[in-house]
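What follows is run_7.cif (mmCIF, C-alpha atoms and all ligand atoms).
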```
data_final
#
loop_
_atom_site.label_atom_id
_atom_site.label_comp_id
_atom_site.auth_asym_id
_atom_site.auth_seq_id
_atom_site.Cartn_x
_atom_site.Cartn_y
_atom_site.Cartn_z
CA MET I 1 129.74 135.26 -59.43
CA SER I 2 127.00 136.19 -56.94
CA THR I 3 125.46 132.66 -57.21
CA LEU I 4 128.59 131.36 -55.44
CA MET I 5 128.07 133.74 -52.55
CA PRO I 6 125.81 133.07 -49.58
CA ASP I 7 122.63 135.13 -49.82
CA ILE I 8 121.43 135.46 -46.25
CA ALA I 9 118.53 137.80 -47.04
CA ASN I 10 117.03 135.34 -49.56
CA HIS I 11 117.95 131.92 -48.27
CA THR I 12 117.60 132.02 -44.51
CA THR I 13 114.63 132.71 -42.30
CA ALA I 14 114.31 135.05 -39.35
CA GLN I 15 115.73 133.87 -36.02
CA THR I 16 112.68 135.37 -34.38
CA GLU I 17 109.60 135.97 -36.50
CA GLY I 18 107.88 139.35 -36.68
CA THR I 19 106.84 142.18 -38.96
CA LEU I 20 108.69 145.51 -38.77
CA ASP I 21 107.38 149.02 -39.40
CA TRP I 22 110.55 150.40 -40.99
CA VAL I 23 113.84 148.89 -42.08
CA GLY I 24 116.45 150.69 -44.15
CA MET I 25 119.42 153.02 -44.07
CA SER I 26 120.05 156.34 -42.41
CA ASN I 27 122.45 159.19 -43.26
CA ILE I 28 123.40 158.08 -46.77
CA GLU I 29 125.46 160.92 -48.27
CA MET I 30 124.82 161.69 -51.94
CA PRO I 31 124.79 164.69 -54.24
CA MET I 32 121.33 165.41 -55.61
CA MET I 33 120.20 167.77 -58.36
CA VAL I 34 117.21 169.61 -56.89
CA ALA I 35 114.41 171.30 -58.84
CA SER I 36 113.11 174.32 -56.93
CA GLN I 37 110.52 176.74 -58.35
CA GLY I 38 112.05 179.89 -59.83
CA GLU I 39 115.64 178.63 -59.43
CA ASN I 40 118.04 176.86 -61.76
CA GLU I 41 118.42 173.17 -60.96
CA ARG I 42 121.04 172.98 -58.22
CA MET I 43 123.34 170.27 -56.88
CA VAL I 44 123.09 169.83 -53.11
CA SER I 45 124.88 167.53 -50.73
CA ALA I 46 122.10 165.45 -49.18
CA PHE I 47 121.83 163.16 -46.18
CA ILE I 48 119.24 160.54 -46.98
CA ASP I 49 117.18 158.06 -44.97
CA ALA I 50 115.51 155.28 -46.97
CA PHE I 51 113.05 152.78 -45.51
CA VAL I 52 110.51 150.07 -46.39
CA ASN I 53 108.39 148.01 -44.03
CA LEU I 54 109.00 144.29 -43.58
CA LYS I 55 105.58 142.68 -43.73
CA GLU I 56 106.76 139.06 -44.10
CA PRO I 57 107.39 137.78 -40.56
CA GLN I 58 109.67 134.91 -41.65
CA ALA I 59 111.82 136.82 -44.15
CA LYS I 60 115.37 137.36 -42.90
CA GLY I 61 115.61 140.93 -44.09
CA ILE I 62 115.10 143.54 -46.76
CA HIS I 63 117.49 144.18 -49.66
CA MET I 64 119.35 147.31 -48.63
CA SER I 65 121.39 147.44 -51.85
CA ARG I 66 118.23 147.81 -53.94
CA LEU I 67 117.16 150.94 -52.05
CA TYR I 68 120.70 152.31 -52.28
CA LEU I 69 120.99 151.69 -56.03
CA LEU I 70 117.64 153.34 -56.73
CA LEU I 71 118.89 156.42 -54.84
CA ASP I 72 122.17 156.28 -56.76
CA GLU I 73 120.28 156.24 -60.05
CA LEU I 74 118.31 159.31 -58.98
CA SER I 75 121.55 161.01 -57.95
CA THR I 76 123.44 160.29 -61.17
CA SER I 77 120.78 160.27 -63.89
CA ASN I 78 117.83 162.33 -62.73
CA THR I 79 116.62 165.42 -60.86
CA LEU I 80 114.89 165.38 -57.51
CA ASP I 81 111.38 166.77 -58.04
CA PHE I 82 107.87 165.77 -56.97
CA GLN I 83 107.46 163.12 -59.68
CA SER I 84 110.89 161.52 -59.29
CA LEU I 85 110.27 161.28 -55.55
CA VAL I 86 107.02 159.40 -56.18
CA THR I 87 108.78 157.13 -58.72
CA LEU I 88 111.53 156.44 -56.18
CA LEU I 89 109.01 155.37 -53.53
CA ASP I 90 107.28 153.12 -56.09
CA GLY I 91 110.67 151.61 -56.90
CA PHE I 92 111.40 150.91 -53.23
CA ILE I 93 108.21 148.86 -53.01
CA SER I 94 108.38 147.13 -56.40
CA SER I 95 111.98 146.06 -55.63
CA HIS I 96 110.64 144.40 -52.46
CA HIS I 97 107.51 142.64 -53.70
CA ASP I 98 106.24 140.13 -51.16
CA LEU I 99 108.34 141.85 -48.46
CA SER I 100 107.12 145.47 -48.35
CA ASP I 101 104.10 147.60 -49.15
CA ASN I 102 105.10 150.87 -47.44
CA ALA I 103 108.07 153.13 -48.17
CA LYS I 104 109.53 156.39 -46.94
CA VAL I 105 112.50 158.52 -47.86
CA GLN I 106 113.92 161.72 -46.41
CA PHE I 107 116.46 164.12 -47.95
CA ARG I 108 118.15 166.69 -45.69
CA PHE I 109 120.33 169.37 -47.23
CA ASP I 110 121.22 173.05 -47.10
CA TYR I 111 119.76 175.08 -49.94
CA HIS I 112 121.67 178.31 -50.64
CA LEU I 113 119.92 181.46 -51.83
CA ARG I 114 121.30 184.88 -52.77
CA ARG I 115 119.72 187.45 -50.44
CA LYS I 116 119.89 191.24 -50.72
CA SER I 117 121.13 193.59 -47.99
CA LEU I 118 118.52 195.90 -46.46
CA ILE I 119 119.91 199.22 -47.74
CA SER I 120 123.38 198.99 -49.29
CA GLY I 121 122.44 196.91 -52.32
CA LYS I 122 125.02 194.22 -51.51
CA GLN I 123 124.18 190.54 -51.81
CA GLY I 124 125.26 187.41 -50.00
CA TRP I 125 124.55 183.70 -49.63
CA LYS I 126 122.24 182.33 -47.00
CA ALA I 127 121.96 178.61 -46.27
CA TYR I 128 118.49 177.29 -45.50
CA PRO I 129 118.18 173.81 -43.99
CA VAL I 130 115.61 171.89 -46.07
CA THR I 131 114.02 168.50 -45.43
CA LEU I 132 112.03 166.68 -48.14
CA THR I 133 110.08 163.66 -46.96
CA GLY I 134 108.13 161.22 -49.13
CA ARG I 135 105.90 158.45 -47.82
CA LEU I 136 103.98 155.77 -49.70
CA ASN I 137 101.58 154.20 -47.22
CA LYS I 138 98.93 151.69 -48.33
CA GLY I 139 99.16 153.16 -51.83
CA LYS I 140 98.75 156.77 -50.65
CA VAL I 141 101.54 159.22 -51.51
CA ASP I 142 102.44 161.97 -49.10
CA ILE I 143 105.15 164.53 -49.95
CA GLU I 144 106.26 167.10 -47.42
CA LEU I 145 108.66 170.04 -47.63
CA ALA I 146 110.18 171.61 -44.51
CA VAL I 147 112.45 174.63 -44.26
CA ASP I 148 114.13 176.42 -41.33
CA VAL I 149 114.60 180.18 -41.39
CA ARG I 150 116.74 182.04 -38.86
CA TYR I 151 115.76 185.51 -37.73
CA SER I 152 116.18 187.96 -34.88
CA SER I 153 113.50 188.60 -32.25
CA THR I 154 113.52 191.42 -29.72
CA CYS I 155 111.54 190.93 -26.51
CA PRO I 156 108.60 193.37 -26.19
CA CYS I 157 108.62 193.08 -22.40
CA SER I 158 112.32 193.84 -22.20
CA ALA I 159 111.84 196.78 -24.60
CA ALA I 160 109.11 198.27 -22.38
CA LEU I 161 111.26 197.84 -19.26
CA ALA I 162 114.21 199.48 -21.02
CA ARG I 163 112.01 202.41 -22.12
CA GLN I 164 110.91 202.90 -18.52
CA LEU I 165 114.54 203.12 -17.39
CA ILE I 166 115.28 205.63 -20.17
CA GLN I 167 112.30 207.77 -19.05
CA LYS I 168 113.52 207.57 -15.45
CA ALA I 169 117.04 208.61 -16.43
CA PHE I 170 115.59 211.49 -18.48
CA LYS I 171 113.56 212.77 -15.53
CA ALA I 172 116.53 212.48 -13.18
CA LYS I 173 118.74 214.42 -15.61
CA PHE I 174 116.37 217.18 -16.73
CA HIS I 175 113.75 217.59 -13.99
CA ASP I 176 115.25 220.80 -12.61
CA GLN I 177 116.28 222.32 -15.95
CA ASP I 178 114.60 224.17 -18.76
CA ALA I 179 115.58 221.46 -21.21
CA ASP I 180 116.91 222.85 -24.48
CA LEU I 181 116.62 220.73 -27.60
CA ASP I 182 120.35 220.53 -28.39
CA SER I 183 121.38 219.27 -24.95
CA ILE I 184 118.57 216.65 -24.93
CA HIS I 185 119.60 215.58 -28.42
CA GLU I 186 123.22 215.23 -27.34
CA TRP I 187 122.29 213.39 -24.12
CA LEU I 188 120.11 210.92 -26.07
CA GLY I 189 123.22 209.95 -28.05
CA THR I 190 125.04 208.74 -24.92
CA THR I 191 124.82 205.51 -22.93
CA GLU I 192 123.61 207.62 -19.97
CA GLY I 193 120.66 208.66 -22.15
CA ILE I 194 119.82 205.24 -23.60
CA VAL I 195 120.64 203.64 -20.28
CA ALA I 196 119.15 200.21 -21.08
CA THR I 197 118.68 198.08 -24.20
CA PRO I 198 116.17 195.22 -24.63
CA HIS I 199 117.46 191.71 -25.17
CA SER I 200 117.04 190.04 -28.52
CA GLN I 201 117.96 186.62 -29.73
CA ARG I 202 118.68 184.51 -32.76
CA SER I 203 115.46 182.63 -33.49
CA VAL I 204 114.41 179.82 -35.81
CA ALA I 205 111.10 179.41 -37.62
CA GLU I 206 110.49 175.82 -38.72
CA LEU I 207 107.77 175.41 -41.35
CA LYS I 208 106.49 172.15 -42.83
CA VAL I 209 103.95 171.93 -45.68
CA LYS I 210 102.12 169.10 -47.42
CA LEU I 211 102.55 169.40 -51.17
CA ASN I 212 99.66 168.54 -53.46
CA ALA I 213 99.86 166.45 -56.60
CA ASN I 214 99.95 169.53 -58.86
CA THR I 215 103.44 170.31 -57.58
CA SER I 216 106.37 169.67 -59.88
CA GLU I 217 109.35 171.68 -58.62
CA PHE I 218 109.64 172.28 -54.88
CA PRO I 219 108.53 175.73 -53.61
CA ILE I 220 111.61 176.30 -51.43
CA THR I 221 112.12 180.00 -52.21
CA ALA I 222 108.38 180.71 -51.90
CA LEU I 223 108.33 179.32 -48.35
CA VAL I 224 111.45 181.25 -47.35
CA ASP I 225 109.90 184.44 -48.76
CA ILE I 226 106.66 183.90 -46.81
CA ILE I 227 108.53 183.41 -43.53
CA GLU I 228 110.99 186.27 -43.99
CA GLY I 229 108.25 188.56 -45.33
CA CYS I 230 106.04 188.18 -42.27
CA LEU I 231 108.71 188.08 -39.55
CA LYS I 232 110.65 191.06 -41.06
CA THR I 233 113.97 190.47 -39.25
CA PRO I 234 115.69 187.52 -40.98
CA VAL I 235 119.41 187.18 -40.23
CA GLN I 236 121.43 189.02 -42.85
CA ALA I 237 124.23 187.99 -45.21
CA ALA I 238 126.33 190.98 -46.41
CA VAL I 239 126.00 193.84 -43.89
CA LYS I 240 127.37 197.40 -44.16
CA ARG I 241 126.69 199.94 -41.37
CA GLU I 242 123.60 201.34 -43.11
CA ASP I 243 122.22 197.79 -43.26
CA GLU I 244 122.94 197.27 -39.56
CA GLN I 245 121.16 200.49 -38.67
CA GLU I 246 118.12 199.46 -40.71
CA PHE I 247 118.20 196.07 -38.99
CA ALA I 248 118.15 197.82 -35.59
CA LEU I 249 115.12 199.83 -36.72
CA LEU I 250 113.33 196.71 -38.02
CA ASN I 251 114.00 194.96 -34.70
CA GLY I 252 112.63 197.94 -32.76
CA GLN I 253 109.51 198.03 -34.92
CA ASN I 254 108.94 194.26 -34.80
CA LEU I 255 109.11 193.42 -31.11
CA MET I 256 107.86 189.87 -30.67
CA PHE I 257 107.26 187.08 -28.24
CA CYS I 258 107.32 183.59 -29.73
CA GLU I 259 103.49 183.77 -29.69
CA ASP I 260 103.55 186.90 -31.88
CA ALA I 261 105.90 185.29 -34.39
CA ALA I 262 103.80 182.10 -34.55
CA ARG I 263 100.58 184.06 -35.09
CA ARG I 264 102.15 186.16 -37.85
CA LEU I 265 103.30 183.05 -39.70
CA GLN I 266 100.01 181.24 -39.04
CA HIS I 267 98.15 184.21 -40.53
CA ALA I 268 100.43 184.30 -43.59
CA MET I 269 100.02 180.55 -44.16
CA ASN I 270 96.24 180.67 -43.71
CA ASN I 271 96.19 183.29 -46.48
CA THR I 272 98.15 180.99 -48.81
CA ALA I 273 95.91 178.52 -50.63
CA GLU I 274 98.70 176.44 -52.23
CA TYR I 275 99.39 174.02 -49.40
CA ASP I 276 97.15 171.17 -48.25
CA ASP I 277 98.37 171.47 -44.67
CA PHE I 278 101.06 173.19 -42.61
CA TRP I 279 102.84 172.80 -39.28
CA LEU I 280 105.06 175.43 -37.76
CA ARG I 281 107.29 175.76 -34.75
CA ILE I 282 108.84 179.00 -33.54
CA ASN I 283 111.99 178.80 -31.42
CA HIS I 284 113.33 181.86 -29.64
CA LEU I 285 116.80 180.89 -28.41
CA GLU I 286 116.54 183.22 -25.45
CA SER I 287 119.38 185.45 -24.33
CA LEU I 288 117.53 186.18 -21.07
CA HIS I 289 117.26 182.48 -20.23
CA ALA I 290 119.40 179.45 -20.97
CA HIS I 291 116.27 177.74 -22.32
CA ASP I 292 114.19 178.48 -25.43
CA ALA I 293 110.73 180.02 -25.80
CA VAL I 294 108.68 177.89 -28.24
CA SER I 295 105.26 177.99 -29.90
CA ILE I 296 103.74 175.41 -32.24
CA THR I 297 100.65 175.39 -34.39
CA THR I 298 99.11 173.78 -37.48
CA LYS I 299 96.51 174.53 -40.13
CA GLY I 300 94.11 172.56 -37.94
CA ILE I 301 92.45 170.40 -40.59
CA GLU I 302 90.82 167.09 -39.69
CA GLY I 303 93.27 164.19 -40.06
CA GLY I 304 96.09 166.69 -40.71
CA TYR I 305 99.25 167.60 -38.84
CA GLN I 306 99.15 167.23 -35.09
CA PRO I 307 100.83 169.98 -33.05
N1 LIG A 401 118.91 143.38 -44.61
C1 LIG A 401 120.07 143.83 -44.04
N2 LIG A 401 121.19 143.89 -44.81
C2 LIG A 401 122.32 144.36 -44.23
C3 LIG A 401 122.33 144.80 -42.88
N3 LIG A 401 123.58 145.24 -42.60
C4 LIG A 401 124.31 145.08 -43.72
N4 LIG A 401 123.58 144.53 -44.72
C5 LIG A 401 124.12 144.16 -46.04
O1 LIG A 401 123.54 144.76 -47.15
C6 LIG A 401 124.05 144.03 -48.28
C7 LIG A 401 123.11 144.11 -49.42
O2 LIG A 401 122.02 143.25 -49.26
P1 LIG A 401 121.14 142.81 -50.52
O3 LIG A 401 120.44 143.98 -51.08
O4 LIG A 401 120.28 141.66 -50.10
O5 LIG A 401 122.31 142.37 -51.52
P2 LIG A 401 122.30 141.33 -52.73
O6 LIG A 401 121.80 140.02 -52.26
O7 LIG A 401 123.67 141.38 -53.34
O8 LIG A 401 121.29 142.01 -53.71
P3 LIG A 401 120.03 141.31 -54.45
O9 LIG A 401 120.61 140.25 -55.33
O10 LIG A 401 119.39 142.45 -55.17
O11 LIG A 401 119.17 140.74 -53.36
C8 LIG A 401 124.29 142.62 -47.80
O12 LIG A 401 125.66 142.34 -47.97
C9 LIG A 401 123.94 142.69 -46.32
O13 LIG A 401 124.81 141.94 -45.51
C10 LIG A 401 121.15 144.70 -42.10
O14 LIG A 401 121.09 145.05 -40.92
N5 LIG A 401 120.04 144.20 -42.74
#
```
Represent the structure from my file as C-alpha cells, please.
Ligand SMILES: Nc1nc2c(ncn2[C@@H]2O[C@H](COP(=O)(O)OP(=O)(O)OP(=O)(O)O)[C@@H](O)[C@H]2O)c(=O)[nH]1
Amino acid sequence: MSTLMPDIANHTTAQTEGTLDWVGMSNIEMPMMVASQGENERMVSAFIDAFVNLKEPQAKGIHMSRLYLLLDELSTSNTLDFQSLVTLLDGFISSHHDLSDNAKVQFRFDYHLRRKSLISGKQGWKAYPVTLTGRLNKGKVDIELAVDVRYSSTCPCSAALARQLIQKAFKAKFHDQDADLDSIHEWLGTTEGIVATPHSQRSVAELKVKLNANTSEFPITALVDIIEGCLKTPVQAAVKREDEQEFALLNGQNLMFCEDAARRLQHAMNNTAEYDDFWLRINHLESLHAHDAVSITTKGIEGGYQP
C-alpha cells in the first residue's frame, strides 16, 4: 500500500541545503506510566517534545512518524524510567541512521502527591509540575529532572516596618497609663493593636538536577521533600483553622527575601551528594510590586549548569 504513495522524505531532496540542530514534534499528548522512587507506578498525562538533528544537508526531512511510534510504544507497553528514557533516545537515532546522531526528548506533566496538613491530620492532593529531559549528544547521555514547588514567602522588610507601626501604636495607646496585663492582652487582639501586617506572596521554587547513571526510578518525591523541608512554608492542601494558624506562625518565623530562599535551597542541595549538578530559580510573585523578585544559582561545577 505505502509503495504506491509518494514518499517525500525519502525520495526528494531539500529545496535549500543545510544541516539543522533540531527537528521534531512539540506538545504531543500521551499518557505515560512513570516510575518515581518510593511511589507506586503512576499514569500521568504528558506533553512531549521529541527531536533529532538533521545532519544530512540534502535530505528532505526526518521521519516524524518513527519518533511518534517509539513514544507510543513507551506509552502503551513500558514504564518511563531512567533506562527506558535512554533506550528511547537510542531508538530516535537508530531509526534515523544517516540522518541524525543527536536526540532529545522532554516530558512535561503534573505529578500528584498526598500531603499532610500541618496540625489537623487531614490529607490532600498537591500537583507538582515536573519536567523530564533526556539528551543524547555525540553519544553522551544526559538526563535531567526538574520540579516546581509553590510556597508562601513573607517579606522581612515589610514585617519589620509593620512591627515598628505596632510599637508606635502601643506607645500612643499606653504611654500615659499604668498598663495592666489584661487590657494590653485585649488590645493586642484588635486591629488597632496589630495595626499593620507584612505582605506575603505565593512563590515558586524551580529546581533542576542532573541524574547520574545509577538512577533507575526518578527521585520526584525526594526533590519535593528537600524543597519543602528547607523553605518551611509550602502551599497547603486540606486546611482547617488550626492548620491555618500554624501556617501563619511558620510564615512569621520564616521571613524571607528571594535571596534567603535561594540560599536555603542552595545549602540543602550542596549537602545532598546524590545529584551530579543542580540549578535553581526562586520566584517571589510579589504582592508589593506587579513584578517578581527572582534569584538564580547553580552547584557551580566546571562545565555544569550556567545560571
Ligand atoms: N519531516 C517532516 N514531516 C512532516 C512535517 N509535517 C508533517 N509531516 C508528515 O509526517 C508524516 C510522517 O512522515 P514519515 O515518518 O516519513 O512517514 P512514512 O514515510 O510513512 O514512514 P517511514 O516509512 O517510516 O519513513 C508524513 O506524512 C509527513 O508529511 C514536517 O514539517 N517535516
Residue nearest ligand LIG 401 (chain A) among I:Glu228, I:Glu244, I:Asp7, I:Asp21 (counting only C-alpha atoms and all ligand atoms):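 Looking at the shortest contact to ligand LIG 401 (chain A), the residue is I:Asp7.
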Contacts of Glu17 in chain I at 7 Å or less, counting all atoms listed in the file, minus same-chain residues fewer than 2 places along, as a list in words?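 In the requested form, the answer reads Ala14, Gln15, Pro57 and Gln58 of chain I.
Shortest atom-to-atom contact with Thr76 in chain I among I:Ala35, I:Leu132, I:Met30, I:Leu99: I:Met30, counting all atoms listed in the file.
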Show which residues sit within 6 Å of Val105 in chain I, as an MDAnalysis selection string. Count all atoms listed in the file, and ignore same-chain residues fewer than 2 positions away. chainID I and resid 49:50 133:134
Counting all atoms listed in the file, which residues in chain I sit no more than 8 Å from ligand LIG 401 (chain A)? For each one, give the nearest pair of atoms and the distance in Å, sorted by chain then residue number, as JSON lines.
```
{"residue": "I:Ser2", "atom": "CA", "partner": "A:LIG401", "partner_atom": "O7", "distance": 7.1}
{"residue": "I:Asp7", "atom": "CA", "partner": "A:LIG401", "partner_atom": "O6", "distance": 5.5}
{"residue": "I:Ile8", "atom": "CA", "partner": "A:LIG401", "partner_atom": "O13", "distance": 7.3}
{"residue": "I:Ala9", "atom": "CA", "partner": "A:LIG401", "partner_atom": "O4", "distance": 5.2}
{"residue": "I:Asn10", "atom": "CA", "partner": "A:LIG401", "partner_atom": "O11", "distance": 6.9}
{"residue": "I:Val23", "atom": "CA", "partner": "A:LIG401", "partner_atom": "N5", "distance": 7.8}
{"residue": "I:Gly24", "atom": "CA", "partner": "A:LIG401", "partner_atom": "N5", "distance": 7.5}
{"residue": "I:Lys60", "atom": "CA", "partner": "A:LIG401", "partner_atom": "N1", "distance": 7.2}
{"residue": "I:Gly61", "atom": "CA", "partner": "A:LIG401", "partner_atom": "N1", "distance": 4.1}
{"residue": "I:Ile62", "atom": "CA", "partner": "A:LIG401", "partner_atom": "N1", "distance": 4.4}
{"residue": "I:His63", "atom": "CA", "partner": "A:LIG401", "partner_atom": "O3", "distance": 3.3}
{"residue": "I:Met64", "atom": "CA", "partner": "A:LIG401", "partner_atom": "O3", "distance": 4.3}
{"residue": "I:Ser65", "atom": "CA", "partner": "A:LIG401", "partner_atom": "O3", "distance": 3.7}
{"residue": "I:Arg66", "atom": "CA", "partner": "A:LIG401", "partner_atom": "O3", "distance": 5.3}
{"residue": "I:Leu67", "atom": "CA", "partner": "A:LIG401", "partner_atom": "O3", "distance": 7.8}
```
From I:Thr87, I:Gln177, I:Thr19, I:Gln236, residue lying nearest Ile119 in chain I [all atoms listed in the file]: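 Residue with the minimum atom-to-atom distance to Ile119 in chain I: I:Gln236.
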Nearest to Asp225 in chain I, chosen from I:Asp176, I:Arg115, I:Met5, I:Gln164, with all atoms listed in the file counted in the distances: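 The answer is I:Arg115, which sits nearest to Asp225 in chain I.
Remark: for His199 in chain I, the closest of the candidate residues I:Glu286, I:Glu39, I:Asp81, I:Asp72 is I:Glu286 (distances computed over only C-alpha atoms).
Reported to one decimal place, the separation of CA of Val130 in chain I from CA of Glu29 in chain I is 14.9 Å.
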Identify which of the residues I:Val239, I:Ile227, I:Ile166, I:Leu288 lies closest to Ala268 in chain I, counting all atoms listed in the file when measuring atom-to-atom distances.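 Going through I:Val239, I:Ile227, I:Ile166, I:Leu288 one by one, the smallest distance to Ala268 in chain I is for I:Ile227.
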Using Å and a single decimal, report how far CA of Phe47 in chain I sits from CA of Gln106 in chain I.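 Between CA of Gln106 in chain I and CA of Phe47 in chain I the gap works out to 8.0 Å.
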